[in-house]
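Next comes final_23.cif, a file with mmCIF, C-alpha atoms.
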```cif
data_my_file
#
loop_
_atom_site.label_atom_id
_atom_site.label_comp_id
_atom_site.auth_asym_id
_atom_site.auth_seq_id
_atom_site.Cartn_x
_atom_site.Cartn_y
_atom_site.Cartn_z
CA MET E 1 108.99 28.60 178.49
CA SER E 2 109.97 28.61 182.15
CA THR E 3 108.70 26.10 184.71
CA ALA E 4 108.24 28.84 187.30
CA THR E 5 106.21 31.01 184.91
CA VAL E 6 103.93 28.14 183.97
CA ARG E 7 103.38 27.10 187.57
CA LEU E 8 102.74 30.66 188.75
CA PHE E 9 100.29 31.14 185.89
CA GLN E 10 98.47 27.90 186.71
CA ARG E 11 98.13 29.02 190.33
CA ALA E 12 96.85 32.47 189.31
CA VAL E 13 94.20 31.02 186.98
CA TYR E 14 93.01 28.39 189.44
CA VAL E 15 92.82 31.00 192.24
CA TRP E 16 90.63 33.06 189.89
CA VAL E 17 88.39 30.05 189.17
CA LEU E 18 88.11 29.36 192.90
CA GLY E 19 87.22 32.97 193.65
CA TYR E 20 84.68 33.09 190.84
CA ILE E 21 82.87 29.92 191.85
CA LEU E 22 82.93 30.76 195.56
CA SER E 23 81.55 34.24 194.86
CA ALA E 24 78.74 32.67 192.80
CA LEU E 25 77.63 30.28 195.55
CA PRO E 26 75.09 32.69 197.14
CA LEU E 27 73.32 32.73 193.76
CA VAL E 28 73.52 29.01 193.13
CA GLU E 29 69.76 28.62 192.63
CA GLN E 30 69.45 31.34 189.94
CA LEU E 31 72.69 30.41 188.19
CA TRP E 32 72.70 26.62 188.11
CA GLU E 33 69.99 24.85 190.10
CA TYR E 34 66.98 26.47 188.38
CA PRO E 35 68.83 28.75 185.97
CA VAL E 36 67.40 32.11 184.98
CA SER E 37 69.31 31.78 181.70
CA PRO E 38 67.10 29.91 179.20
CA PRO E 39 68.74 26.83 177.64
CA LEU E 40 70.33 27.50 174.24
CA PRO E 41 70.98 25.05 171.40
CA VAL E 42 74.41 23.42 171.52
CA PRO E 43 76.49 24.76 168.59
CA GLY E 44 78.36 21.80 167.18
CA PHE E 45 79.89 18.54 168.33
CA GLY E 46 82.86 19.86 170.33
CA SER E 47 80.75 22.12 172.48
CA TRP E 48 78.98 19.18 174.12
CA PHE E 49 81.90 19.27 176.55
CA MET E 50 81.08 22.89 177.32
CA ASN E 51 77.35 22.29 177.71
CA ALA E 52 77.37 19.21 179.90
CA PHE E 53 74.63 20.14 182.35
CA GLY E 54 71.12 19.82 181.03
CA SER E 55 72.33 18.04 177.88
CA TRP E 56 74.26 14.80 178.45
CA LEU E 57 74.51 15.29 182.22
CA PRO E 58 71.43 16.00 184.33
CA GLY E 59 71.05 19.66 185.28
CA ALA E 60 70.78 18.58 188.91
CA LEU E 61 74.48 17.62 188.79
CA SER E 62 75.53 21.23 188.23
CA VAL E 63 75.73 22.00 191.95
CA PRO E 64 77.86 18.92 192.78
CA GLY E 65 79.82 19.89 189.65
CA ALA E 66 80.53 23.30 191.16
CA ALA E 67 81.70 21.60 194.38
CA LEU E 68 84.03 19.35 192.36
CA LEU E 69 85.34 22.37 190.47
CA ILE E 70 86.17 24.08 193.78
CA LEU E 71 88.00 20.96 194.93
CA PHE E 72 89.97 20.51 191.71
CA SER E 73 90.94 24.16 191.37
CA ALA E 74 92.09 24.20 195.00
CA TYR E 75 94.24 21.18 194.12
CA GLY E 76 95.52 22.92 190.98
CA THR E 77 96.51 25.93 193.07
CA LEU E 78 98.62 23.87 195.44
CA ARG E 79 99.97 21.22 193.02
CA GLU E 80 100.06 20.91 189.27
CA ALA E 81 96.77 19.32 188.18
CA PRO E 82 97.27 16.25 185.97
CA ARG E 83 96.00 16.57 182.40
CA TRP E 84 92.74 14.71 183.05
CA MET E 85 92.00 17.03 185.97
CA ALA E 86 92.79 20.11 183.91
CA PHE E 87 90.36 18.77 181.31
CA VAL E 88 87.62 18.22 183.91
CA ILE E 89 88.22 21.72 185.32
CA TRP E 90 87.76 23.22 181.84
CA MET E 91 84.68 21.14 181.16
CA LEU E 92 83.04 21.96 184.50
CA PHE E 93 83.88 25.65 184.33
CA ALA E 94 82.67 26.01 180.74
CA SER E 95 79.50 24.03 181.42
CA LEU E 96 78.66 26.04 184.52
CA THR E 97 79.24 29.38 182.81
CA GLN E 98 77.23 28.17 179.83
CA ARG E 99 74.34 27.14 182.08
CA ALA E 100 74.41 30.68 183.52
CA TRP E 101 75.19 32.41 180.21
CA LEU E 102 73.26 35.53 181.15
CA ALA E 103 75.79 36.18 183.91
CA SER E 104 78.83 35.74 181.70
CA CYS E 105 81.19 38.40 180.42
CA GLY E 106 84.50 38.67 178.57
CA GLY E 107 86.26 37.28 181.63
CA SER E 108 84.47 33.95 181.45
CA LEU E 109 84.99 33.78 177.66
CA LEU E 110 88.70 34.39 178.14
CA MET E 111 88.88 31.72 180.84
CA ASN E 112 86.95 29.20 178.73
CA ASN E 113 89.70 29.49 176.13
CA VAL E 114 92.61 29.66 178.55
CA LEU E 115 91.45 26.66 180.59
CA LEU E 116 91.18 24.61 177.39
CA TRP E 117 94.76 25.43 176.41
CA MET E 118 95.87 24.69 179.98
CA VAL E 119 95.06 21.04 179.34
CA PHE E 120 98.09 21.08 177.00
CA LEU E 121 100.29 23.12 179.32
CA ARG E 122 102.72 21.38 181.69
CA ALA E 123 105.14 23.01 184.12
CA ARG E 124 107.62 20.15 183.66
CA PRO E 125 106.92 18.46 180.35
CA ASP E 126 108.19 14.91 180.09
CA GLY E 127 109.42 13.85 176.64
CA PRO E 128 109.38 15.55 173.23
CA LEU E 129 105.64 15.21 172.55
CA ASP E 130 104.76 16.50 176.00
CA ARG E 131 107.15 19.42 175.48
CA ALA E 132 105.60 20.22 172.10
CA SER E 133 102.03 20.15 173.42
CA SER E 134 103.08 22.28 176.39
CA LEU E 135 104.75 24.78 174.10
CA LEU E 136 101.60 24.93 171.99
CA GLY E 137 99.45 25.64 175.08
CA PHE E 138 101.90 28.22 176.38
CA TRP E 139 102.02 30.26 173.18
CA ALA E 140 98.31 29.86 172.48
CA ILE E 141 97.53 31.41 175.89
CA ARG E 142 100.11 34.17 175.47
CA ILE E 143 98.80 35.12 172.04
CA GLN E 144 95.16 34.75 173.09
CA LEU E 145 95.68 37.40 175.76
CA ILE E 146 97.24 40.02 173.50
CA PHE E 147 94.84 39.12 170.70
CA THR E 148 91.89 40.34 172.82
CA TYR E 149 93.41 43.84 173.08
CA LEU E 150 94.03 43.98 169.35
CA VAL E 151 90.47 42.91 168.49
CA THR E 152 88.81 45.32 170.90
CA GLY E 153 90.99 48.15 169.58
CA LEU E 154 90.05 47.33 165.98
CA HIS E 155 86.34 47.30 166.82
CA LYS E 156 86.71 50.73 168.40
CA LEU E 157 88.23 52.11 165.21
CA THR E 158 84.98 51.38 163.38
CA GLY E 159 82.98 53.75 165.60
CA THR E 160 83.18 57.50 166.07
CA THR E 161 83.39 58.20 169.81
CA TRP E 162 86.77 56.56 170.44
CA LEU E 163 88.25 58.63 167.64
CA ASP E 164 86.68 61.97 168.60
CA GLY E 165 87.59 61.43 172.26
CA THR E 166 84.07 61.33 173.75
CA ALA E 167 83.77 57.59 174.52
CA VAL E 168 85.07 57.64 178.11
CA GLY E 169 82.79 60.61 178.89
CA ILE E 170 79.77 58.64 177.65
CA VAL E 171 80.71 55.59 179.76
CA ALA E 172 81.42 57.73 182.85
CA SER E 173 78.10 59.58 182.57
CA ASP E 174 76.17 56.32 182.30
CA PRO E 175 74.52 55.76 185.71
CA GLN E 176 75.16 52.00 185.34
CA PHE E 177 78.90 52.48 184.91
CA GLY E 178 80.69 55.63 185.99
CA PRO E 179 82.72 57.00 187.65
CA ALA E 180 80.39 60.01 187.56
CA TRP E 181 83.06 62.34 188.97
CA LEU E 182 85.06 61.91 185.79
CA THR E 183 82.40 63.83 183.85
CA THR E 184 83.27 66.99 185.81
CA TRP E 185 86.80 66.94 184.34
CA PRO E 186 87.64 69.13 181.33
CA GLN E 187 86.69 67.67 177.94
CA GLY E 188 90.35 67.70 176.87
CA ILE E 189 91.41 65.42 179.74
CA ILE E 190 88.54 63.02 179.03
CA ALA E 191 89.58 62.92 175.37
CA LEU E 192 93.15 62.20 176.44
CA ILE E 193 91.98 59.29 178.64
CA THR E 194 89.89 57.95 175.72
CA TRP E 195 92.80 58.05 173.29
CA SER E 196 95.23 56.62 175.90
CA THR E 197 92.89 53.64 176.39
CA LEU E 198 92.82 53.05 172.65
CA ALA E 199 96.60 53.52 172.39
CA LEU E 200 97.17 51.03 175.22
CA GLN E 201 95.03 48.42 173.47
CA PHE E 202 97.06 48.73 170.29
CA ALA E 203 100.42 49.05 172.06
CA ILE E 204 100.09 45.88 174.13
CA PRO E 205 100.33 43.37 171.24
CA ILE E 206 103.47 45.16 170.03
CA VAL E 207 105.43 46.01 173.18
CA VAL E 208 105.04 42.67 175.00
CA TRP E 209 107.87 41.25 172.91
CA TRP E 210 110.47 43.39 174.79
CA ARG E 211 111.06 43.02 178.51
CA THR E 212 110.97 46.59 179.89
CA PRO E 213 108.10 47.92 177.79
CA ARG E 214 106.24 44.67 178.48
CA TYR E 215 106.27 45.31 182.23
CA LEU E 216 105.22 48.92 181.65
CA ALA E 217 102.30 47.76 179.51
CA MET E 218 101.49 45.07 182.05
CA GLY E 219 101.36 47.70 184.83
CA CYS E 220 99.07 49.93 182.75
CA ALA E 221 96.85 46.96 181.86
CA VAL E 222 96.57 45.93 185.52
CA LEU E 223 95.55 49.49 186.51
CA PHE E 224 93.08 49.59 183.61
CA HIS E 225 91.50 46.26 184.60
CA LEU E 226 91.33 47.22 188.27
CA ALA E 227 89.50 50.40 187.25
CA THR E 228 87.01 48.44 185.12
CA ALA E 229 86.56 45.94 187.96
CA LEU E 230 85.78 48.78 190.34
CA TYR E 231 83.63 51.06 188.22
CA ILE E 232 82.10 49.00 185.47
CA ASP E 233 80.92 46.30 187.86
CA ILE E 234 82.59 43.39 186.08
CA PRO E 235 85.21 42.39 188.65
CA GLN E 236 85.44 38.86 187.26
CA MET E 237 86.54 40.22 183.88
CA GLY E 238 89.22 42.59 185.18
CA LEU E 239 90.64 39.95 187.52
CA ALA E 240 90.59 37.28 184.78
CA PHE E 241 92.79 39.44 182.58
CA ILE E 242 95.14 40.21 185.48
CA ALA E 243 95.47 36.48 186.26
CA CYS E 244 96.23 35.74 182.60
CA TRP E 245 98.94 38.40 182.44
CA VAL E 246 101.06 36.12 184.65
CA ILE E 247 101.85 34.00 181.55
CA TRP E 248 103.87 36.96 180.24
CA THR E 249 106.16 37.18 183.30
CA ASP E 250 109.70 35.98 182.70
CA GLY E 251 111.19 33.00 184.49
CA GLU E 252 113.35 35.03 186.87
CA LEU E 253 110.47 37.12 188.25
CA ALA E 254 108.17 34.09 188.37
CA ALA E 255 110.80 32.13 190.32
CA ARG E 256 111.00 34.95 192.89
CA CYS E 257 107.19 34.95 193.21
CA GLU E 258 107.21 31.16 193.49
CA ALA E 259 109.82 31.34 196.28
CA ARG E 260 107.56 33.78 198.11
CA TRP E 261 104.64 31.39 197.59
CA GLN E 262 106.70 28.58 199.13
CA ARG E 263 107.27 30.71 202.21
CA MET E 264 103.51 31.38 202.46
CA TRP E 265 102.48 27.77 201.80
CA PRO E 266 105.42 25.63 202.88
CA SER E 267 103.45 22.39 202.44
CA SER E 268 102.92 22.86 198.69
CA PRO E 269 105.57 21.20 196.51
CA ASN E 270 108.29 23.39 195.06
CA SER E 271 107.43 23.79 191.40
CA VAL E 272 110.78 25.27 190.50
CA ALA E 273 112.73 22.26 191.74
CA LYS E 274 113.29 19.38 189.34
CA ALA E 275 110.60 16.75 189.06
CA GLY E 276 110.78 14.21 191.83
CA ALA E 277 112.92 16.43 194.05
CA MET K 1 108.58 11.50 165.93
CA ALA K 2 111.24 10.39 168.45
CA ASN K 3 112.47 13.98 168.62
CA GLY K 4 108.95 15.35 168.71
CA PRO K 5 106.96 16.98 165.93
CA PRO K 6 108.73 19.13 163.31
CA LYS K 7 109.60 22.66 164.44
CA TRP K 8 107.25 24.35 161.98
CA LEU K 9 104.18 22.52 163.29
CA ILE K 10 103.45 24.62 166.40
CA PRO K 11 103.80 27.99 164.63
CA ALA K 12 101.63 26.61 161.80
CA ILE K 13 98.89 25.50 164.21
CA LEU K 14 99.00 28.84 166.02
CA LEU K 15 98.86 30.76 162.75
CA ALA K 16 95.85 28.79 161.51
CA HIS K 17 94.08 29.01 164.88
CA PHE K 18 94.49 32.76 165.33
CA GLY K 19 93.85 33.39 161.64
CA LEU K 20 90.46 31.72 161.99
CA LEU K 21 89.83 33.47 165.32
CA ALA K 22 90.64 36.80 163.67
CA SER K 23 88.09 36.06 160.97
CA TYR K 24 85.58 35.20 163.69
CA THR K 25 86.16 38.21 165.95
CA PHE K 26 87.26 41.08 163.69
CA PRO K 27 84.59 43.56 162.54
CA SER K 28 82.42 41.47 160.21
CA ARG K 29 82.48 43.92 157.31
CA TRP K 30 86.24 43.39 156.98
CA ILE K 31 85.95 39.63 156.51
CA PRO K 32 84.78 37.91 153.29
CA ASP K 33 81.53 35.97 153.85
CA ARG K 34 82.97 32.57 152.99
CA LEU K 35 85.91 32.95 155.39
CA ARG K 36 83.52 34.23 158.05
CA TYR K 37 81.41 31.11 157.61
CA TRP K 38 84.41 28.80 158.01
CA SER K 39 85.64 30.73 161.03
CA ILE K 40 82.23 30.39 162.72
CA THR K 41 82.23 26.64 162.05
CA TYR K 42 85.69 26.40 163.60
CA ALA K 43 85.47 28.84 166.52
CA ARG K 44 81.86 28.75 167.71
CA PRO K 45 81.83 25.30 169.37
CA LEU K 46 85.05 25.47 171.40
CA PHE K 47 86.72 28.86 171.04
CA HIS K 48 83.78 31.27 171.08
CA GLN K 49 84.74 34.81 172.08
CA GLY K 50 83.81 38.41 171.33
CA TRP K 51 85.79 41.50 172.24
CA ASP K 52 83.52 44.40 171.43
CA LEU K 53 82.69 45.76 174.89
CA PHE K 54 82.01 49.51 174.46
CA ALA K 55 82.82 49.09 170.76
CA PRO K 56 82.43 50.34 168.12
CA ASP K 57 80.96 52.97 170.51
CA PRO K 58 79.86 52.77 174.13
CA PRO K 59 76.07 52.47 174.59
CA ARG K 60 74.52 55.91 174.18
CA CYS K 61 71.54 54.86 176.29
CA SER K 62 71.66 53.59 179.81
CA CYS K 63 68.89 51.02 180.07
CA GLU K 64 67.20 49.66 183.15
CA VAL K 65 64.50 47.01 182.85
CA GLN K 66 61.81 47.29 185.50
CA ALA K 67 58.99 45.01 186.58
CA GLY K 68 55.69 46.35 187.81
CA ILE K 69 52.55 45.19 189.52
CA GLY K 70 49.71 47.70 189.81
CA GLU K 71 51.14 51.19 190.06
CA SER K 72 54.54 50.28 191.52
CA TRP K 73 57.68 49.55 189.51
CA ARG K 74 61.00 48.17 190.65
CA ALA K 75 64.36 47.43 189.03
CA LEU K 76 65.24 43.77 188.49
CA ASP K 77 68.30 44.15 190.72
CA ALA K 78 68.85 46.10 193.89
CA SER K 79 71.98 47.68 195.30
CA GLY K 80 73.74 45.09 197.43
CA ASP K 81 72.68 42.22 195.16
CA ASN K 82 75.35 39.69 194.18
CA TYR K 83 77.39 41.12 191.29
CA LEU K 84 76.37 38.19 189.09
CA ARG K 85 72.69 39.05 189.56
CA THR K 86 73.50 42.61 188.43
CA ARG K 87 75.40 41.14 185.46
CA MET K 88 72.39 39.03 184.43
CA VAL K 89 70.04 42.01 184.64
CA ARG K 90 72.39 44.20 182.59
CA ASN K 91 73.01 41.49 180.05
CA VAL K 92 69.24 41.17 179.51
CA ALA K 93 69.14 44.91 178.71
CA ALA K 94 72.21 44.50 176.47
CA TYR K 95 70.74 41.53 174.57
CA LEU K 96 67.59 43.60 174.01
CA ASN K 97 69.90 46.22 172.47
CA GLY K 98 69.12 48.68 175.26
CA GLY K 99 72.18 50.75 174.39
CA SER K 100 70.23 52.32 171.51
CA PRO K 101 66.85 54.06 171.75
CA PHE K 102 63.96 51.56 171.68
CA PRO K 103 60.84 52.01 169.55
CA ASP K 104 57.69 53.20 171.38
CA THR K 105 56.91 49.62 172.43
CA LEU K 106 59.49 46.86 172.64
CA THR K 107 58.50 43.31 171.66
CA VAL K 108 60.93 40.78 173.10
CA PRO K 109 61.64 37.30 171.71
CA PRO K 110 60.58 34.20 173.71
CA VAL K 111 64.11 33.48 174.99
CA MET K 112 64.29 36.93 176.62
CA GLU K 113 60.73 36.57 177.91
CA GLU K 114 61.86 33.43 179.72
CA ALA K 115 64.87 35.27 181.14
CA LEU K 116 62.76 38.22 182.32
CA LEU K 117 60.25 35.94 184.01
CA GLY K 118 63.10 34.01 185.61
CA LEU K 119 64.45 37.21 187.13
CA VAL K 120 61.14 38.03 188.84
CA ARG K 121 60.24 34.64 190.26
CA ASP K 122 59.74 36.25 193.66
CA MET K 123 57.04 38.55 192.22
CA MET K 124 55.08 35.79 190.51
CA HIS K 125 52.97 35.12 193.60
CA ASP K 126 51.95 38.77 194.02
CA GLU K 127 48.47 39.68 192.95
CA GLY K 128 47.90 41.76 189.85
CA ASP K 129 49.22 41.79 186.31
CA LEU K 130 52.96 41.56 186.02
CA ARG K 131 54.34 44.02 183.47
CA PHE K 132 57.77 45.07 182.26
CA ARG K 133 59.15 48.32 180.98
CA ALA K 134 62.52 49.76 180.06
CA VAL K 135 63.75 53.08 181.37
CA GLN K 136 66.34 54.58 179.05
CA HIS K 137 68.52 57.61 179.63
CA CYS K 138 69.91 58.50 176.21
CA VAL K 139 72.74 60.83 175.28
CA VAL K 140 71.61 63.56 172.90
CA ASP K 141 75.00 65.07 172.13
CA ASP K 142 78.21 62.99 172.49
CA HIS K 143 80.08 66.10 173.65
CA ARG K 144 77.60 66.68 176.52
CA PRO K 145 76.96 63.11 177.69
CA THR K 146 75.52 64.15 181.07
CA ASP K 147 72.48 65.68 179.30
CA ARG K 148 70.30 62.65 178.72
CA ASP K 149 66.70 62.20 177.57
CA THR K 150 64.62 59.85 179.69
CA ARG K 151 62.23 57.42 177.98
CA TYR K 152 59.81 54.87 179.41
CA VAL K 153 59.21 52.02 176.97
CA PRO K 154 56.60 49.29 177.62
CA ILE K 155 57.85 45.75 176.99
CA VAL K 156 55.50 43.18 175.46
CA PHE K 157 55.99 39.51 174.67
CA VAL K 158 55.53 37.85 171.29
CA ASP K 159 52.01 36.47 170.96
CA ARG K 160 52.80 32.78 170.47
CA HIS K 161 49.19 31.91 169.68
CA GLN K 162 49.11 34.18 166.66
CA PRO K 163 49.37 32.20 163.39
#
```
Rewritten as structure tokens:
Amino acid sequence: MSTATVRLFQRAVYVWVLGYILSALPLVEQLWEYPVSPPLPVPGFGSWFMNAFGSWLPGALSVPGAALLILFSAYGTLREAPRWMAFVIWMLFASLTQRAWLASCGGSLLMNNVLLWMVFLRARPDGPLDRASSLLGFWAIRIQLIFTYLVTGLHKLTGTTWLDGTAVGIVASDPQFGPAWLTTWPQGIIALITWSTLALQFAIPIVVWWRTPRYLAMGCAVLFHLATALYIDIPQMGLAFIACWVIWTDGELAARCEARWQRMWPSSPNSVAKAGA
Amino acid sequence: MANGPPKWLIPAILLAHFGLLASYTFPSRWIPDRLRYWSITYARPLFHQGWDLFAPDPPRCSCEVQAGIGESWRALDASGDNYLRTRMVRNVAAYLNGGSPFPDTLTVPPVMEEALLGLVRDMMHDEGDLRFRAVQHCVVDDHRPTDRDTRYVPIVFVDRHQP
């Protein structure tokens, strides 16, 4: 577990949170103030943290909550957020997405999980217990990411269209998704794209354990998520996955990216340097 | 504990966590009922997730919910709307199971009635009876997905006054 990787990952996730909340602001009334999404029962004790607004906090606090989330994630982008702040970020994000559950997608589900594990994750753990909790968060996030590809692949095996190669054609011909131009391509090519998508989803959990194939898979996954962001109209989901892929970068590459970040934002503290330096 | 927890602890926690998550998210017919129950108890409150977008098959029907007053109908979202508004509108159709052909008339549960009415707040002040319908374009043959049947399905709400 490299300090540079953790710090770069934290920045990537908090930039995503910032972007998501800022992009939601024009719809603040429908999402949070007077939500279109009807309130749902809270499923179990632990989820009170994820359903703060309208349950143990007044719903009217959701908009100030969004403002606080913007502030804290901006902080987390520039400096490592302390554990309590990481916890508040998770709680606010989860509660806001839960209040607007009709607008959620796989991206917000992924981030709900990742932000919770980020409470455990430290760029520079201090002491054996801190190191152990950080290691737990690090591997939980890494496995969570590849787990999603495995699960979606398995679900696709239980249908027929992913196996007979027609699934991508059906999605592309759907006026709500697209791209419509793909439907003019020969059936064989569409089948090949369908099977490649399925193969990628099964390959990722296997190849990430070796450096070169991992970066190849990462490149394919980024292209795949950019395409879904563009054509399937769920940009927050595609970008959430791309942000989470940063946890799989190795220390050397992350340190180079961090050095570039330092040049862009010279005022932010150098995460790669030793604590206190 | 001066040297931290034993080495086996983190792999053991991860194994248990992802084992339960697998039971929660894998296709339900693969998981024994009892294990499924325990996995829901564990995962639903804090670790809820589902990874079945376009699975087991992509929706064979494209579904647009429309609201109408008098003779005119309009979609619940317009091009240029915030992407989260579009997401809400599409999720309503998805929760109604709009990816499969509807019956001749669709009766929606109260929670979706509330969502539909929330999406048309701006129309509430217009005169006339507010109605909803779904417009579905359904694939007939998976190998020719561009040939789609169009169906107009009236949406009605559950009569809450009925005993």
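Contacts from chain E to chain K at a cut-off of 6 Å (only C-alpha atoms) map to Val36, Ser37, Pro43, Gly44, Gly46, Ser47, Leu102, Ala103, Leu109, Asn113, Pro128, Leu129, Leu136, Thr152, His155, Lys156, Thr158, Gly159, Thr161, Ile170, Ser173 and Asp174 of chain E.
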Might you spell out which residues the PyMOL selection byres ((chain K and resi 132) around 6) would select in the displayed file, as a VMD selection string?
chain K and resid 66 to 67 131 133 155
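Residue neighbourhood of E:Leu200, excluding near-sequence residues (fewer than 4 positions): Ser196, Ile204, Ala217, Cys220 and Ala221 of chain E, at 8 Å, using all atoms listed in the file.
Between atom CA of E:Gly169 and atom CA of E:Thr183 there is a distance of 5.9 Å.
Taking only C-alpha atoms into account, the residues near (72.8, 28.4, 189.4), no farther than 9 Å, are Ala24, Leu25, Leu27, Val28, Glu29, Gln30, Leu31, Trp32, Glu33, Tyr34, Pro35, Val36, Ser62, Val63, Leu96, Arg99 and Ala100 of chain E.
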For the residues in that selection, give me C-alpha atoms as a short mmCIF file (atom, residue, chain, number, x, y, z; two decimals), in the coordinates of the input.
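Result went into out_6.cif, see below:
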```cif
data_model
loop_
_atom_site.label_atom_id
_atom_site.label_comp_id
_atom_site.auth_asym_id
_atom_site.auth_seq_id
_atom_site.Cartn_x
_atom_site.Cartn_y
_atom_site.Cartn_z
CA ALA E 24 78.74 32.67 192.80
CA LEU E 25 77.63 30.28 195.55
CA LEU E 27 73.32 32.73 193.76
CA VAL E 28 73.52 29.01 193.13
CA GLU E 29 69.76 28.62 192.63
CA GLN E 30 69.45 31.34 189.94
CA LEU E 31 72.69 30.41 188.19
CA TRP E 32 72.70 26.62 188.11
CA GLU E 33 69.99 24.85 190.10
CA TYR E 34 66.98 26.47 188.38
CA PRO E 35 68.83 28.75 185.97
CA VAL E 36 67.40 32.11 184.98
CA SER E 62 75.53 21.23 188.23
CA VAL E 63 75.73 22.00 191.95
CA LEU E 96 78.66 26.04 184.52
CA ARG E 99 74.34 27.14 182.08
CA ALA E 100 74.41 30.68 183.52
#
```
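Residues selected in this file by the PyMOL selection byres ((chain E and resi 17) around 9) comprise Ala12, Val13, Tyr14, Val15, Trp16, Leu18, Gly19, Tyr20, Ile21, Leu22, Leu69, Ile70, Ser73, Phe93, Met111 and Ala240 of chain E.
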Excluding E:Gly178 and its own-chain neighbours fewer than 6 positions away, which residues fall within 8 Å of it when counting all atoms listed in the file? Please give them as JSON, numbers by chain.
{"E": [171, 172, 231, 232]}
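Nearest-residue note for E:Arg124: choosing from E:Ala229, E:Ala4, E:Ala74, E:Leu92, the minimum distance belongs to E:Ala4, counting only C-alpha atoms.
The space separating atom CA of K:Ala43 from atom CA of E:Gly107 comes to 17.3 Å.
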Expected axis-aligned box over every listed atom of stretch 147-160 of chain E, 6 Å added per side, centre plus edges in Å to one decimal, as AutoDock Vina command-line options:
```
--center_x 88.9 --center_y 48.3 --center_z 168.2 --size_x 23.9 --size_y 30.4 --size_z 21.7
```
Provide the atom CA of E:Thr5 to atom CA of E:Ile247 distance in Å, to one decimal place.
6.3 Å
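Here the question is which of K:Ser79, K:Ser100, K:Ser23, K:Thr105 gets nearest to K:Val140 using all atoms listed in the file, and that residue is K:Ser100.
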